[in-house]
$ cat work.cif   # mmCIF, C-alpha atoms
data_my_file
#
loop_
_atom_site.label_atom_id
_atom_site.label_comp_id
_atom_site.auth_asym_id
_atom_site.auth_seq_id
_atom_site.Cartn_x
_atom_site.Cartn_y
_atom_site.Cartn_z
CA MET A 15 139.38 107.36 -41.38
CA ASP A 16 139.20 110.53 -43.46
CA PRO A 17 141.33 109.14 -46.34
CA PHE A 18 138.93 106.20 -46.51
CA TYR A 19 135.91 108.50 -46.64
CA PHE A 20 137.25 110.82 -49.34
CA LYS A 21 139.01 110.46 -52.65
CA PRO A 22 141.13 113.35 -53.94
CA GLY A 23 139.11 116.51 -54.47
CA TRP A 24 136.68 115.79 -51.60
CA GLU A 25 134.88 113.12 -53.62
CA GLN A 26 133.07 110.99 -51.07
CA ARG A 27 133.49 107.26 -51.46
CA PRO A 28 130.42 105.02 -51.39
CA ARG A 29 129.88 103.62 -47.87
CA PRO A 30 130.58 99.97 -48.89
CA GLU A 31 133.94 101.04 -50.36
CA THR A 32 134.86 102.98 -47.20
CA ASP A 33 133.89 100.02 -45.02
CA SER A 34 135.84 97.61 -47.20
CA MET A 35 138.96 99.78 -47.01
CA ALA A 36 138.72 100.01 -43.21
CA ILE A 37 138.25 96.27 -42.81
CA GLU A 38 141.14 95.54 -45.18
CA ALA A 39 143.42 97.93 -43.28
CA ALA A 40 142.48 96.20 -40.01
CA ARG A 41 143.71 92.91 -41.47
CA GLY A 42 147.21 94.36 -41.52
CA GLU A 43 149.98 93.40 -39.13
CA ARG A 44 150.08 96.81 -37.40
CA TRP A 45 147.63 99.69 -37.54
CA VAL A 46 146.04 102.54 -35.66
CA PHE A 47 142.62 103.88 -36.57
CA GLU A 48 141.55 107.40 -35.78
CA GLY A 49 137.92 108.18 -36.33
CA ASN A 50 134.51 106.65 -36.11
CA ASN A 51 132.89 104.58 -38.87
CA SER A 52 130.69 102.62 -36.50
CA SER A 53 129.71 100.13 -39.20
CA THR A 54 133.24 98.66 -38.97
CA PHE A 55 133.69 98.93 -35.18
CA ASP A 56 133.35 95.21 -34.56
CA ALA A 57 135.53 94.12 -37.48
CA ARG A 58 138.29 96.41 -36.20
CA ALA A 59 137.76 95.44 -32.55
CA GLU A 60 138.10 91.78 -33.53
CA ARG A 61 141.69 92.48 -34.65
CA ALA A 62 142.59 95.10 -32.04
CA ASP A 63 144.91 94.78 -29.07
CA LEU A 64 143.61 98.00 -27.55
CA ILE A 65 140.50 100.09 -28.06
CA VAL A 66 140.94 103.74 -27.09
CA VAL A 67 137.82 105.85 -26.84
CA LEU A 68 138.37 109.60 -26.59
CA TYR A 69 135.61 111.90 -25.47
CA LEU A 70 136.29 115.51 -24.61
CA GLY A 71 132.74 116.81 -24.75
CA ARG A 72 130.76 118.57 -27.38
CA TRP A 73 132.05 122.11 -26.90
CA ARG A 74 135.74 121.25 -26.65
CA CYS A 75 135.44 119.18 -29.84
CA PHE A 76 133.56 122.02 -31.50
CA TRP A 77 136.33 124.52 -30.71
CA ARG A 78 139.04 122.08 -31.77
CA VAL A 79 137.34 121.56 -35.14
CA ILE A 80 137.10 125.34 -35.56
CA TRP A 81 140.80 125.66 -34.67
CA ARG A 82 141.75 122.85 -37.08
CA THR A 83 139.71 124.48 -39.84
CA LEU A 84 141.40 127.84 -39.32
CA ARG A 85 144.85 126.28 -38.99
CA TYR A 86 144.65 124.36 -42.28
CA TYR A 87 142.11 126.48 -44.15
CA ARG A 88 142.64 126.06 -47.92
CA ARG A 89 145.57 123.69 -47.29
CA ASN A 90 145.64 119.93 -47.10
CA ARG A 91 145.84 118.42 -43.64
CA PRO A 92 148.48 115.68 -43.41
CA ASP A 93 145.78 113.09 -42.67
CA MET A 94 143.67 113.80 -45.77
CA ALA A 95 143.58 112.55 -49.33
CA PRO A 96 145.36 114.72 -51.90
CA ASN A 97 143.57 117.83 -53.12
CA CYS A 98 141.26 118.03 -50.10
CA PRO A 99 142.06 121.47 -48.74
CA GLU A 100 140.51 122.25 -45.39
CA ARG A 101 137.25 124.14 -45.66
CA PHE A 102 134.55 125.46 -43.42
CA GLU A 103 131.83 122.86 -43.69
CA ARG A 104 128.78 124.02 -41.81
CA ALA A 105 126.96 120.67 -41.89
CA PHE A 106 129.96 118.79 -40.45
CA ILE A 107 130.56 121.30 -37.68
CA PHE A 108 127.00 122.06 -36.68
CA ASP A 109 125.23 118.80 -37.50
CA TRP A 110 127.89 116.17 -36.84
CA VAL A 111 130.23 117.64 -34.21
CA LEU A 112 127.61 119.38 -32.10
CA ASN A 113 125.25 116.39 -32.29
CA TYR A 114 127.91 113.73 -31.61
CA ASP A 115 126.41 112.98 -28.18
CA THR A 116 123.12 112.04 -29.83
CA HIS A 117 124.18 110.11 -32.92
CA SER A 118 127.65 108.66 -32.28
CA LEU A 119 128.39 108.55 -28.56
CA PRO A 120 125.74 105.84 -27.96
CA LYS A 121 127.45 103.71 -30.64
CA ALA A 122 130.83 104.16 -28.96
CA ARG A 123 129.33 103.21 -25.60
CA ALA A 124 127.72 100.13 -27.15
CA LEU A 125 131.12 99.16 -28.61
CA ILE A 126 132.66 99.39 -25.14
CA GLU A 127 129.90 97.22 -23.68
CA ARG A 128 130.23 94.58 -26.42
CA TRP A 129 134.01 94.32 -26.12
CA ALA A 130 134.51 94.79 -22.38
CA GLY A 131 136.44 91.79 -21.06
CA LYS A 132 137.38 90.74 -24.59
CA ARG A 133 139.79 93.57 -25.43
CA ALA A 134 141.77 96.10 -23.48
CA ILE A 135 139.78 99.33 -23.47
CA MET A 136 140.93 102.81 -22.46
CA GLN A 137 138.42 105.59 -22.08
CA LEU A 138 140.06 108.99 -21.98
CA SER A 139 138.06 112.15 -21.37
CA LEU A 140 140.57 114.59 -19.91
CA ALA A 141 143.13 116.43 -22.01
CA ALA A 142 145.91 115.56 -19.54
CA GLY A 143 145.22 111.83 -19.85
CA ILE A 144 145.05 112.01 -23.62
CA ASN A 145 148.31 113.97 -23.77
CA ALA A 146 150.03 111.49 -21.44
CA PHE A 147 148.83 108.57 -23.55
CA ALA A 148 149.96 110.25 -26.77
CA ALA A 149 153.37 111.08 -25.29
CA ASP A 150 154.02 107.55 -24.03
CA PRO A 151 151.43 105.00 -25.19
CA TRP A 152 153.56 102.01 -24.18
CA THR A 153 153.60 103.03 -20.51
CA ALA A 154 149.85 103.57 -20.51
CA PHE A 155 149.30 100.29 -22.36
CA ALA A 156 151.49 98.41 -19.85
CA LYS A 157 149.23 99.51 -16.99
CA ILE A 158 146.13 97.88 -18.50
CA ASP A 159 145.00 94.44 -17.40
CA LEU A 160 144.89 92.79 -20.81
CA PRO A 161 142.24 90.18 -21.59
CA ALA A 162 143.12 87.39 -23.96
CA THR A 163 142.78 88.52 -27.57
CA PRO A 164 142.28 85.38 -29.66
CA ARG A 165 142.25 85.95 -33.38
#
$ encode --input "work.cif" --output "C-alpha cells"
Amino acid sequence: MDPFYFKPGWEQRPRPETDSMAIEAARGERWVFEGNNSSTFDARAERADLIVVLYLGRWRCFWRVIWRTLRYYRRNRPDMAPNCPERFERAFIFDWVLNYDTHSLPKARALIERWAGKRAIMQLSLAAGINAFAADPWTAFAKIDLPATPR
C-alpha cells in the first residue's frame, strides 16, 4: 500500500486518490496487497480469493520497523515510490505501530467477521507459520477449505 499512499518525495496522496488506486488495483486479474487501508478492505475482499491477516504483536512489529528503518535508512525500500528514502518517523513508529492494537486491529477483526464463510481467511500470528506460508503459499492455500467466491 505504501506506493499508493505516497508520491515521489514522500508527498502524501489525498485519501480519496489512495483509495481509488487500491480499488483499481484490486480490479486486476492478479494481485497481492500488503498493508492496511481499512477504507478499502471490503472492496478488496470482494475480489479476493484469500485474505491473509498477519499479527505478530505490538513489540515484535515495533522492533521490525526499527530494523527496517536502520536497514534502509536514507535509501529507498524496494516497495516505495521513487525518492522516498527510509527515515526515522517518530509519529509512525510511536503513534501508529505501538497503537495498532487500539486503532487498526479492531478493524482487521471486523473484516474477518464480515467475510468469514465468504472468503478463505488465514490468520497467522507466529513467525514460523508466516515463514512457511511465504516459502510455499500454494501448499498453505491448498489446505484451506475454500468457500465459494462469486464475483
$ residues_near_point --input "work.cif" --point "(123.9, 120.5, -28.3)" --cutoff "12 Å" --atoms "only C-alpha atoms" --output "JSON, numbers by chain"
{"A": [71, 72, 73, 74, 75, 76, 107, 108, 109, 110, 111, 112, 113, 114, 115, 116, 117]}
$ residues_around --input "work.cif" --residues "A:Thr83" --least-positions-apart "6" --cutoff "9 Å" --atoms "all atoms listed in the file" --output "VMD selection string"
chain A and resid 100 to 103
$ closest_residue --input "work.cif" --among "A:Lys157, A:Arg85, A:Arg133, A:Arg104" --to "A:Leu64" --atoms "only C-alpha atoms"
A:Arg133
$ residues_near_point --input "work.cif" --point "(132.7, 97.0, -34.3)" --cutoff "12 Å" --atoms "all atoms listed in the file" --output "MDAnalysis selection string"
chainID A and resid 33 36:37 40 50:62 65 121:129 133
$ residues_around --input "work.cif" --residues "stretch 66-70 of chain A" --least-positions-apart "3" --cutoff "7 Å" --atoms "only C-alpha atoms" --output "PyMOL selection string"
chain A and resi 74-75+135-140
$ atom_distance --input "work.cif" --atom1 "atom CA of A:Pro22" --atom2 "atom CA of A:Pro96"
4.9 Å
$ residues_around --input "work.cif" --residues "A:Gly49" --least-positions-apart "2" --cutoff "9 Å" --atoms "only C-alpha atoms" --output "ChimeraX atom specification"
/A:15-16,47,51
$ closest_residue --input "work.cif" --among "A:Ala149, A:Lys132, A:Ile80, A:Ile144" --to "A:Phe106" --atoms "all atoms listed in the file"
A:Ile80
$ atom_distance --input "work.cif" --atom1 "atom CA of A:Ala95" --atom2 "atom CA of A:Tyr19"
9.1 Å
$ atom_distance --input "work.cif" --atom1 "atom CA of A:Arg78" --atom2 "atom CA of A:Glu48"
15.4 Å
$ resolve_selection --input "work.cif" --expression "the PyMOL selection byres ((chain A and resi 90) around 6)" --output "NGL selection string"
:A and (89 or 91 or 98-100)
$ write_last_selection --input "work.cif" --atoms "C-alpha atoms" --output "PDB file, in the coordinates of the input"
ATOM      1  CA  ARG A  89     145.570 123.690 -47.290  1.00  0.00           C
ATOM      2  CA  ARG A  91     145.840 118.420 -43.640  1.00  0.00           C
ATOM      3  CA  CYS A  98     141.260 118.030 -50.100  1.00  0.00           C
ATOM      4  CA  PRO A  99     142.060 121.470 -48.740  1.00  0.00           C
ATOM      5  CA  GLU A 100     140.510 122.250 -45.390  1.00  0.00           C
TER       6      GLU A 100
END
$ closest_residue --input "work.cif" --among "A:Gly42, A:Gly131, A:Pro30, A:Pro120" --to "A:Phe18" --atoms "all atoms listed in the file"
A:Pro30
$ decode --input "work.cif" --residues "stretch 21-112 of chain A" --atoms "C-alpha atoms" --output "mmCIF file, in the first residue's frame"
data_model
loop_
_atom_site.group_PDB
_atom_site.id
_atom_site.type_symbol
_atom_site.label_atom_id
_atom_site.label_comp_id
_atom_site.auth_asym_id
_atom_site.auth_seq_id
_atom_site.Cartn_x
_atom_site.Cartn_y
_atom_site.Cartn_z
ATOM 1 C CA LYS A 21 4.077 10.055 -4.383
ATOM 2 C CA PRO A 22 7.795 10.516 -5.042
ATOM 3 C CA GLY A 23 9.487 12.632 -2.395
ATOM 4 C CA TRP A 24 7.206 11.441 0.435
ATOM 5 C CA GLU A 25 4.313 13.567 -0.823
ATOM 6 C CA GLN A 26 1.207 12.038 0.713
ATOM 7 C CA ARG A 27 -1.654 11.439 -1.671
ATOM 8 C CA PRO A 28 -5.148 12.607 -0.714
ATOM 9 C CA ARG A 29 -7.118 9.740 0.870
ATOM 10 C CA PRO A 30 -9.683 9.525 -1.996
ATOM 11 C CA GLU A 31 -6.832 9.126 -4.503
ATOM 12 C CA THR A 32 -5.182 6.401 -2.399
ATOM 13 C CA ASP A 33 -8.499 4.574 -2.050
ATOM 14 C CA SER A 34 -9.196 4.859 -5.763
ATOM 15 C CA MET A 35 -5.773 3.441 -6.642
ATOM 16 C CA ALA A 36 -6.264 0.487 -4.277
ATOM 17 C CA ILE A 37 -9.718 -0.293 -5.635
ATOM 18 C CA GLU A 38 -8.491 -0.032 -9.226
ATOM 19 C CA ALA A 39 -5.572 -2.373 -8.495
ATOM 20 C CA ALA A 40 -7.996 -4.879 -6.949
ATOM 21 C CA ARG A 41 -9.914 -4.954 -10.223
ATOM 22 C CA GLY A 42 -6.873 -6.522 -11.856
ATOM 23 C CA GLU A 43 -6.597 -10.159 -12.864
ATOM 24 C CA ARG A 44 -3.924 -10.992 -10.258
ATOM 25 C CA TRP A 45 -2.750 -9.023 -7.254
ATOM 26 C CA VAL A 46 -1.446 -9.184 -3.728
ATOM 27 C CA PHE A 47 -1.950 -6.343 -1.272
ATOM 28 C CA GLU A 48 0.336 -5.764 1.655
ATOM 29 C CA GLY A 49 -0.805 -3.210 4.160
ATOM 30 C CA ASN A 50 -3.883 -1.854 5.780
ATOM 31 C CA ASN A 51 -6.072 0.896 4.301
ATOM 32 C CA SER A 52 -9.210 -0.235 6.073
ATOM 33 C CA SER A 53 -11.418 2.045 3.988
ATOM 34 C CA THR A 54 -10.864 -0.314 1.026
ATOM 35 C CA PHE A 55 -10.954 -3.627 2.939
ATOM 36 C CA ASP A 56 -14.357 -4.649 1.637
ATOM 37 C CA ALA A 57 -13.718 -3.624 -1.977
ATOM 38 C CA ARG A 58 -10.551 -5.728 -1.954
ATOM 39 C CA ALA A 59 -12.176 -8.627 -0.085
ATOM 40 C CA GLU A 60 -14.934 -8.692 -2.697
ATOM 41 C CA ARG A 61 -12.319 -9.561 -5.354
ATOM 42 C CA ALA A 62 -10.031 -11.702 -3.186
ATOM 43 C CA ASP A 63 -9.536 -15.448 -3.265
ATOM 44 C CA LEU A 64 -7.713 -15.406 0.060
ATOM 45 C CA ILE A 65 -7.493 -12.916 2.905
ATOM 46 C CA VAL A 66 -4.332 -13.265 4.985
ATOM 47 C CA VAL A 67 -4.202 -11.407 8.268
ATOM 48 C CA LEU A 68 -0.801 -11.203 9.931
ATOM 49 C CA TYR A 69 -0.447 -10.208 13.544
ATOM 50 C CA LEU A 70 2.819 -10.607 15.392
ATOM 51 C CA GLY A 71 2.093 -8.349 18.326
ATOM 52 C CA ARG A 72 2.941 -4.785 19.088
ATOM 53 C CA TRP A 73 6.519 -5.216 20.281
ATOM 54 C CA ARG A 74 7.668 -7.558 17.528
ATOM 55 C CA CYS A 75 6.235 -5.163 14.935
ATOM 56 C CA PHE A 76 7.900 -2.250 16.703
ATOM 57 C CA TRP A 77 11.324 -3.925 16.554
ATOM 58 C CA ARG A 78 10.821 -4.960 12.938
ATOM 59 C CA VAL A 79 10.003 -1.379 11.959
ATOM 60 C CA ILE A 80 13.121 -0.191 13.788
ATOM 61 C CA TRP A 81 15.179 -2.855 11.981
ATOM 62 C CA ARG A 82 13.655 -1.906 8.599
ATOM 63 C CA THR A 83 14.376 1.769 9.267
ATOM 64 C CA LEU A 84 18.008 1.060 10.130
ATOM 65 C CA ARG A 85 18.435 -1.355 7.222
ATOM 66 C CA TYR A 86 17.189 1.098 4.581
ATOM 67 C CA TYR A 87 17.938 4.398 6.307
ATOM 68 C CA ARG A 88 18.409 7.139 3.675
ATOM 69 C CA ARG A 89 17.837 4.599 0.882
ATOM 70 C CA ASN A 90 14.672 3.703 -0.964
ATOM 71 C CA ARG A 91 12.998 0.459 0.039
ATOM 72 C CA PRO A 92 12.026 -1.658 -2.972
ATOM 73 C CA ASP A 93 8.336 -1.294 -2.078
ATOM 74 C CA MET A 94 8.293 2.513 -2.013
ATOM 75 C CA ALA A 95 7.713 5.258 -4.543
ATOM 76 C CA PRO A 96 10.844 6.826 -6.041
ATOM 77 C CA ASN A 97 12.711 9.376 -3.956
ATOM 78 C CA CYS A 98 11.247 8.162 -0.660
ATOM 79 C CA PRO A 99 14.359 7.261 1.289
ATOM 80 C CA GLU A 100 13.720 5.482 4.561
ATOM 81 C CA ARG A 101 13.671 7.805 7.538
ATOM 82 C CA PHE A 102 13.056 7.659 11.232
ATOM 83 C CA GLU A 103 9.493 8.864 11.583
ATOM 84 C CA ARG A 104 8.618 9.165 15.232
ATOM 85 C CA ALA A 105 4.856 9.581 14.704
ATOM 86 C CA PHE A 106 4.617 6.433 12.555
ATOM 87 C CA ILE A 107 6.640 4.309 14.942
ATOM 88 C CA PHE A 108 5.286 5.534 18.246
ATOM 89 C CA ASP A 109 1.743 6.554 17.326
ATOM 90 C CA TRP A 110 0.805 4.084 14.592
ATOM 91 C CA VAL A 111 2.879 0.941 15.219
ATOM 92 C CA LEU A 112 2.674 0.939 19.004
#
